[in-house]
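J.: One structure, as structure tokens, below. Some questions next.
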Amino acid sequence: MPDLLNYRKMIERIVIIDGVDPVTFYGVNNANMQLIRNFFPKLRITARGNVIKVIGEDAETAEFEKAIHELEKYCAKFNRLDEDVIIDVVRGESPKEARHDGVIIFGINGKPISPRNANQKKMVESFIHNDLTFALGPAGTGKTYIAIALAVKALKNKEVRKIILSRPAVEAGEKLGFLPGDMKDKIDPYLQPLYDALEDMIPHVKLKEYMETGVIQIAPLAFMRGRTLNDAVIVLDEAQNTTTHQIKMFLTRLGMNAKMIVTGDATQIDLPRSVTSGLLHVMRVLKNVDGIGRIEFEKKDIVRHPLVQRIVDAYDRYDRENEQQFIADAKDDDNKSVE
């Protein structure tokens, strides 16, 4: 009879961890789960995917569930779960957090992603205070990376329900010809830089889930027509390669509770010479419109390899020298025609 009474006290709880990547949460070779089990030796605990099943007495299973949700919250914020954090939480203490002033989000393995120069900080501020932000400047200044980090932060904080990332599908001075495969196979090469940034910030399993459920959407600019984008952060990258009609179409997709970030580099326009860049045109059109932020990045803001800044400087010098030579040649031609 005592055994039967003890049996009746046992209950089963199902705990779902849907805010984190299970691989990160459970640890390498399930080391984190093994540590948690050590603190709850009386419980029978099984974990598969994002579902944890626990059997034991009511009070202890409730304590276990509370600890799991606290650890889930920490793991979702920092993208990592360390042994000392598990010990603190299971003991009912608040985990010790180092100060991370200015961090936008924590990427894979807890890597803090923060503004690395003054203009990146201005971009973060502009995103907070404006529904539309233009980030303009040379390659390597982190415009796209910061834009996507801001979008991921808004999604994690439940400020929006989805992220939409877009680029014009324009070849960078090359003719790639026929690309095999279905539509996704054809457009993915143009969008790969966006995938690269996302993979730095969201664990693979979670990113795959977001992509499959449409929480994160990556599409070429042409696919934006006819949509109204509500409850979202929308990022348009490489906007210098839009036409005037395309960028107008894109900007007018802005819906309720949504923010847009447009990035571009006016020195890397891949459109035919006869086509006006939509980015250059829109900056003149929207010059005096309220509610729009504009950040001008410079060569000194480049955060890639130091050689990148020297390459940009060299091209600028070359362009200036050739422009001066062109003017000089034109004057010589005018003088000769007069003679």
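Starting from 1 in every chain, residues are counted up; chains themselves are A, B, ... following the order of the structure tokens, and ligands are numbered from 1 as listed.
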For region 107-119 of chain A, please output as a list of chain:residue names all residues within 7 Å (counting only C-alpha atoms; exclusion window: fewer than 2 positions along the same chain).
T.: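 Non-adjacent residues within range: A:Phe78, A:Asn79, A:Arg80, A:Gly102, A:Val103, A:Ile104, A:Ile105, A:Lys121, A:Lys122, A:Met123, A:Asp200, A:Met201, A:Ile202, A:Pro203, A:Ile295, A:Phe297, A:Asp301.
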J.: Using only C-alpha atoms, which protein or nucleic acid residues come within 9 Å of Ile68 (chain A)? Drop anything in the same chain fewer than 6 positions from it, and give the result as a ChimeraX atom specification.
T.: /A:15,17,36,89-90
J.: Dump N, CA, C and O atoms for the selected residues as a tab-separated table (two decimals), in the first residue's frame?
T.:
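That gives us result.tsv:
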```tsv
chain	number	residue	atom	x	y	z
A	15	VAL	N	7.69	19.85	-20.64
A	15	VAL	CA	8.25	21.20	-20.72
A	15	VAL	C	8.73	21.43	-22.14
A	15	VAL	O	9.55	20.66	-22.67
A	17	ILE	N	10.74	23.81	-24.75
A	17	ILE	CA	11.69	24.92	-24.88
A	17	ILE	C	11.67	25.38	-26.34
A	17	ILE	O	12.39	24.85	-27.19
A	36	ILE	N	22.05	19.16	-15.10
A	36	ILE	CA	20.72	19.44	-14.53
A	36	ILE	C	20.17	18.18	-13.85
A	36	ILE	O	19.60	18.24	-12.76
A	89	VAL	N	21.16	29.04	-11.32
A	89	VAL	CA	19.71	29.01	-11.52
A	89	VAL	C	19.07	27.87	-10.74
A	89	VAL	O	18.03	28.05	-10.07
A	90	VAL	N	19.66	26.68	-10.79
A	90	VAL	CA	19.08	25.53	-10.10
A	90	VAL	C	19.09	25.75	-8.59
A	90	VAL	O	18.19	25.31	-7.87
```
J.: Could you find all residues in region 171-320 of chain A that DSSP calls strand (DSSP E) from the backbone, and write them as a list of chain:residue names?
T.: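 In region 171-320 of chain A, DSSP puts these residues in strand (DSSP E): A:Ile216, A:Gln217, A:Ile218, A:Ala219, A:Pro220, A:Ala232, A:Val233, A:Ile234, A:Val235, A:Leu236, A:Lys259, A:Met260, A:Ile261, A:Val262, A:Thr263, A:Gly264, A:Ile292, A:Gly293, A:Arg294, A:Ile295, A:Glu296.
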J.: Among region 83-125 of chain A, which ones does DSSP place in alpha helix (DSSP H), written as a list in words?
T.: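 Result set for region 83-125 of chain A (alpha helix (DSSP H)): Glu83, Asp84, Val85, Ile86, Ile87, Asp88, Val89, Val90, Ala118, Asn119, Gln120, Lys121, Lys122, Met123, Val124 and Glu125 of chain A.
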J.: Set the distance at 12 Å and use only C-alpha atoms: which residues neighbour Tyr195 (chain A) once local chain neighbours fewer than 6 positions away are removed? I'd like the list as a VMD selection string.
T.: chain A and resid 144 to 145 148 164 to 167 188 to 189 201 to 202 204 207 to 208 211 216 to 219
J.: Using only C-alpha atoms, which residues of region 133-164 of chain A come within 12 Å of region 236-240 of chain A, and what is the closest atom pair for each, with the distance in Å to one decimal? Give it as CSV, sorted by chain and residue number.
T.:
```
residue,atom,partner,partner_atom,distance
A:Thr133,CA,A:Leu236,CA,10.4
A:Phe134,CA,A:Leu236,CA,9.6
A:Ala135,CA,A:Asp237,CA,9.6
A:Leu136,CA,A:Gln240,CA,9.3
A:Gly137,CA,A:Gln240,CA,10.4
A:Pro138,CA,A:Glu238,CA,10.9
A:Ala139,CA,A:Glu238,CA,10.0
A:Gly142,CA,A:Asp237,CA,11.6
A:Lys143,CA,A:Asp237,CA,8.9
A:Thr144,CA,A:Asp237,CA,6.7
A:Tyr145,CA,A:Asp237,CA,10.2
A:Ile146,CA,A:Asp237,CA,11.6
A:Ala147,CA,A:Asp237,CA,9.1
A:Ile148,CA,A:Asp237,CA,10.0
A:Ala151,CA,A:Leu236,CA,11.8
A:Ile163,CA,A:Leu236,CA,11.2
A:Ile164,CA,A:Leu236,CA,8.6
```
J.: Write out as a PyMOL selection string the residues lying within 12 Å of region 86-88 of chain A, counting only C-alpha atoms and excluding same-chain residues fewer than 3 positions away.
T.: chain A and resi 25-27+31-40+64+67-75+80-83+91-97
J.: Write a file of the just-selected residues containing N, CA, C and O atoms, as a short mmCIF file (atom, residue, chain, number, x, y, z; two decimals), in the first residue's frame.
T.:
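The result, stored in out30.cif:
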```cif
data_model
loop_
_atom_site.label_atom_id
_atom_site.label_comp_id
_atom_site.auth_asym_id
_atom_site.auth_seq_id
_atom_site.Cartn_x
_atom_site.Cartn_y
_atom_site.Cartn_z
N PHE A 25 21.10 24.52 -25.91
CA PHE A 25 20.55 24.38 -24.55
C PHE A 25 21.07 23.11 -23.87
O PHE A 25 21.48 23.14 -22.70
N TYR A 26 21.05 21.99 -24.58
CA TYR A 26 21.46 20.71 -23.98
C TYR A 26 22.97 20.61 -23.82
O TYR A 26 23.45 19.85 -22.98
N GLY A 27 23.73 21.35 -24.63
CA GLY A 27 25.18 21.33 -24.52
C GLY A 27 25.82 20.23 -25.35
O GLY A 27 25.14 19.32 -25.84
N ALA A 31 25.86 17.66 -22.17
CA ALA A 31 26.53 17.94 -20.90
C ALA A 31 25.67 18.80 -19.98
O ALA A 31 25.65 18.59 -18.76
N ASN A 32 24.96 19.77 -20.55
CA ASN A 32 24.12 20.65 -19.72
C ASN A 32 22.97 19.86 -19.08
O ASN A 32 22.66 20.04 -17.89
N MET A 33 22.35 18.99 -19.89
CA MET A 33 21.24 18.20 -19.34
C MET A 33 21.71 17.24 -18.27
O MET A 33 21.01 17.01 -17.27
N GLN A 34 22.90 16.69 -18.46
CA GLN A 34 23.43 15.78 -17.45
C GLN A 34 23.67 16.51 -16.13
O GLN A 34 23.38 15.98 -15.04
N LEU A 35 24.17 17.74 -16.22
CA LEU A 35 24.39 18.55 -15.01
C LEU A 35 23.06 18.84 -14.32
O LEU A 35 22.95 18.76 -13.09
N ILE A 36 22.05 19.16 -15.10
CA ILE A 36 20.72 19.44 -14.53
C ILE A 36 20.17 18.18 -13.85
O ILE A 36 19.60 18.24 -12.76
N ARG A 37 20.34 17.03 -14.51
CA ARG A 37 19.87 15.76 -13.91
C ARG A 37 20.54 15.52 -12.55
O ARG A 37 19.91 15.00 -11.62
N ASN A 38 21.80 15.88 -12.45
CA ASN A 38 22.52 15.66 -11.19
C ASN A 38 21.89 16.43 -10.03
O ASN A 38 21.98 16.00 -8.86
N PHE A 39 21.27 17.56 -10.33
CA PHE A 39 20.62 18.36 -9.29
C PHE A 39 19.23 17.83 -8.95
O PHE A 39 18.64 18.23 -7.94
N PHE A 40 18.68 16.97 -9.81
CA PHE A 40 17.33 16.41 -9.58
C PHE A 40 17.39 14.89 -9.69
O PHE A 40 16.78 14.29 -10.59
N PHE A 64 11.70 21.88 -11.06
CA PHE A 64 12.47 21.58 -12.26
C PHE A 64 11.99 22.44 -13.44
O PHE A 64 12.79 23.04 -14.17
N ALA A 67 13.12 26.04 -13.18
CA ALA A 67 14.54 26.19 -13.49
C ALA A 67 14.78 26.13 -15.00
O ALA A 67 15.56 26.91 -15.55
N ILE A 68 14.10 25.20 -15.66
CA ILE A 68 14.27 25.07 -17.12
C ILE A 68 13.87 26.35 -17.83
O ILE A 68 14.57 26.83 -18.74
N HIS A 69 12.76 26.95 -17.44
CA HIS A 69 12.30 28.18 -18.09
C HIS A 69 13.24 29.35 -17.80
O HIS A 69 13.45 30.22 -18.67
N GLU A 70 13.81 29.40 -16.61
CA GLU A 70 14.80 30.44 -16.30
C GLU A 70 16.04 30.26 -17.17
O GLU A 70 16.59 31.23 -17.71
N LEU A 71 16.49 29.02 -17.32
CA LEU A 71 17.65 28.74 -18.16
C LEU A 71 17.35 29.02 -19.63
O LEU A 71 18.20 29.52 -20.37
N GLU A 72 16.12 28.73 -20.04
CA GLU A 72 15.72 29.01 -21.43
C GLU A 72 15.77 30.51 -21.70
O GLU A 72 16.24 30.96 -22.75
N LYS A 73 15.30 31.30 -20.74
CA LYS A 73 15.31 32.76 -20.90
C LYS A 73 16.75 33.27 -21.03
O LYS A 73 17.04 34.12 -21.89
N TYR A 74 17.63 32.74 -20.20
CA TYR A 74 19.04 33.16 -20.26
C TYR A 74 19.66 32.74 -21.60
O TYR A 74 20.35 33.53 -22.25
N CYS A 75 19.41 31.51 -22.01
CA CYS A 75 19.99 30.98 -23.25
C CYS A 75 19.47 31.76 -24.47
O CYS A 75 20.21 32.01 -25.42
N ARG A 80 23.94 31.09 -25.36
CA ARG A 80 24.85 30.12 -24.77
C ARG A 80 24.33 29.76 -23.38
O ARG A 80 23.51 30.47 -22.80
N LEU A 81 24.83 28.64 -22.84
CA LEU A 81 24.42 28.21 -21.51
C LEU A 81 25.63 27.57 -20.85
O LEU A 81 26.07 26.49 -21.25
N ASP A 82 26.19 28.25 -19.86
CA ASP A 82 27.41 27.77 -19.22
C ASP A 82 27.08 27.04 -17.92
O ASP A 82 26.02 27.21 -17.31
N GLU A 83 28.06 26.25 -17.47
CA GLU A 83 27.88 25.44 -16.27
C GLU A 83 27.58 26.29 -15.05
O GLU A 83 26.68 25.95 -14.25
N ARG A 91 20.07 26.49 -8.10
CA ARG A 91 20.13 26.79 -6.67
C ARG A 91 19.21 27.95 -6.27
O ARG A 91 19.15 28.35 -5.12
N GLY A 92 18.51 28.51 -7.28
CA GLY A 92 17.58 29.59 -6.99
C GLY A 92 18.21 30.96 -6.96
O GLY A 92 17.59 31.93 -6.52
N GLU A 93 19.44 31.07 -7.45
CA GLU A 93 20.13 32.35 -7.49
C GLU A 93 20.06 32.96 -8.89
O GLU A 93 19.90 32.25 -9.88
N SER A 94 20.20 34.26 -8.96
CA SER A 94 20.23 34.92 -10.26
C SER A 94 21.62 34.73 -10.88
O SER A 94 22.63 34.93 -10.19
N PRO A 95 21.68 34.32 -12.16
CA PRO A 95 22.99 34.13 -12.78
C PRO A 95 23.75 35.44 -12.88
O PRO A 95 23.17 36.50 -13.12
N LYS A 96 25.05 35.36 -12.69
CA LYS A 96 25.88 36.56 -12.76
C LYS A 96 26.08 36.93 -14.22
O LYS A 96 26.50 36.12 -15.03
N GLU A 97 25.74 38.17 -14.56
CA GLU A 97 25.88 38.64 -15.94
C GLU A 97 26.92 39.75 -16.00
O GLU A 97 26.85 40.73 -15.25
#
```
J.: Determine the nearest neighbour of Asn157 (chain A) from the options A:Ala76, A:Met224, A:Ala197, A:Val124, counting only C-alpha atoms.
T.: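 Using only C-alpha atoms, the shortest distance to Asn157 (chain A) belongs to A:Ala76.
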J.: Which is closer to His129 (chain A) than all the others in A:Lys259, A:His305, A:Lys299, A:Arg320, using only C-alpha atoms?
T.: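 Of A:Lys259, A:His305, A:Lys299, A:Arg320, the one nearest His129 (chain A) is A:Lys259, counting only C-alpha atoms.
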J.: If we count only C-alpha atoms and set the cut-off at 12 Å, which residues sit around Leu271 (chain A), ignoring sequence neighbours fewer than 2 positions away in its own chain? Please answer as a list in words.
T.: Pro168, Ala169, Val170, Glu171, Ala172, Gly173, Glu174, Glu238, Ala239, Gln240, Asn241, Thr242, Thr243, Thr244, Ala266, Thr267, Gln268, Ile269, Arg273, Ser274, Val275, Thr276, Ser277, Gly278 and Leu279 of chain A
J.: May I have the residues from that selection written out with N, CA and C atoms, as a short mmCIF file (atom, residue, chain, number, x, y, z; two decimals), in the first residue's frame?
T.:
```cif
data_model
loop_
_atom_site.label_atom_id
_atom_site.label_comp_id
_atom_site.auth_asym_id
_atom_site.auth_seq_id
_atom_site.Cartn_x
_atom_site.Cartn_y
_atom_site.Cartn_z
N PRO A 168 18.10 43.61 -54.70
CA PRO A 168 17.85 43.52 -56.14
C PRO A 168 18.76 42.45 -56.74
N ALA A 169 18.23 41.61 -57.59
CA ALA A 169 19.02 40.53 -58.21
C ALA A 169 19.75 41.08 -59.43
N VAL A 170 20.84 41.80 -59.16
CA VAL A 170 21.64 42.41 -60.22
C VAL A 170 23.05 41.82 -60.16
N GLU A 171 23.55 41.35 -61.31
CA GLU A 171 24.88 40.78 -61.35
C GLU A 171 25.93 41.86 -61.22
N ALA A 172 26.97 41.61 -60.43
CA ALA A 172 28.02 42.60 -60.18
C ALA A 172 29.05 42.60 -61.30
N GLY A 173 28.65 43.17 -62.44
CA GLY A 173 29.58 43.31 -63.56
C GLY A 173 29.84 42.02 -64.31
N GLU A 174 29.05 40.97 -64.03
CA GLU A 174 29.26 39.70 -64.71
C GLU A 174 27.94 39.24 -65.32
N GLU A 238 21.94 46.64 -50.77
CA GLU A 238 22.44 46.96 -52.11
C GLU A 238 21.45 47.83 -52.89
N ALA A 239 20.87 48.81 -52.21
CA ALA A 239 19.81 49.62 -52.82
C ALA A 239 20.31 50.48 -53.97
N GLN A 240 21.64 50.65 -54.10
CA GLN A 240 22.16 51.42 -55.23
C GLN A 240 21.84 50.75 -56.56
N ASN A 241 21.49 49.46 -56.53
CA ASN A 241 21.19 48.72 -57.75
C ASN A 241 19.69 48.61 -58.02
N THR A 242 18.90 49.43 -57.33
CA THR A 242 17.47 49.51 -57.65
C THR A 242 17.24 50.59 -58.70
N THR A 243 16.18 50.45 -59.46
CA THR A 243 15.76 51.54 -60.34
C THR A 243 14.87 52.49 -59.55
N THR A 244 14.55 53.62 -60.12
CA THR A 244 13.69 54.59 -59.42
C THR A 244 12.31 54.01 -59.13
N ALA A 266 26.89 54.12 -53.16
CA ALA A 266 26.76 54.80 -54.45
C ALA A 266 27.96 54.59 -55.37
N THR A 267 29.07 54.09 -54.83
CA THR A 267 30.27 53.87 -55.66
C THR A 267 30.28 52.47 -56.29
N GLN A 268 29.26 51.66 -55.99
CA GLN A 268 29.24 50.30 -56.53
C GLN A 268 27.92 50.02 -57.24
N ILE A 269 27.57 50.88 -58.16
CA ILE A 269 26.33 50.72 -58.93
C ILE A 269 26.60 49.78 -60.11
N ARG A 273 24.59 51.92 -67.62
CA ARG A 273 24.88 53.35 -67.52
C ARG A 273 23.66 54.22 -67.81
N SER A 274 22.77 53.73 -68.62
CA SER A 274 21.59 54.54 -69.01
C SER A 274 20.49 54.54 -67.95
N VAL A 275 20.65 53.71 -66.89
CA VAL A 275 19.61 53.58 -65.86
C VAL A 275 20.01 54.36 -64.61
N THR A 276 19.10 55.20 -64.12
CA THR A 276 19.37 55.98 -62.90
C THR A 276 19.21 55.12 -61.66
N SER A 277 20.17 55.23 -60.75
CA SER A 277 20.08 54.48 -59.49
C SER A 277 18.93 55.01 -58.65
N GLY A 278 18.05 54.09 -58.20
CA GLY A 278 16.92 54.48 -57.37
C GLY A 278 17.37 55.08 -56.04
N LEU A 279 18.51 54.61 -55.53
CA LEU A 279 18.99 55.13 -54.24
C LEU A 279 19.38 56.60 -54.36
#
```
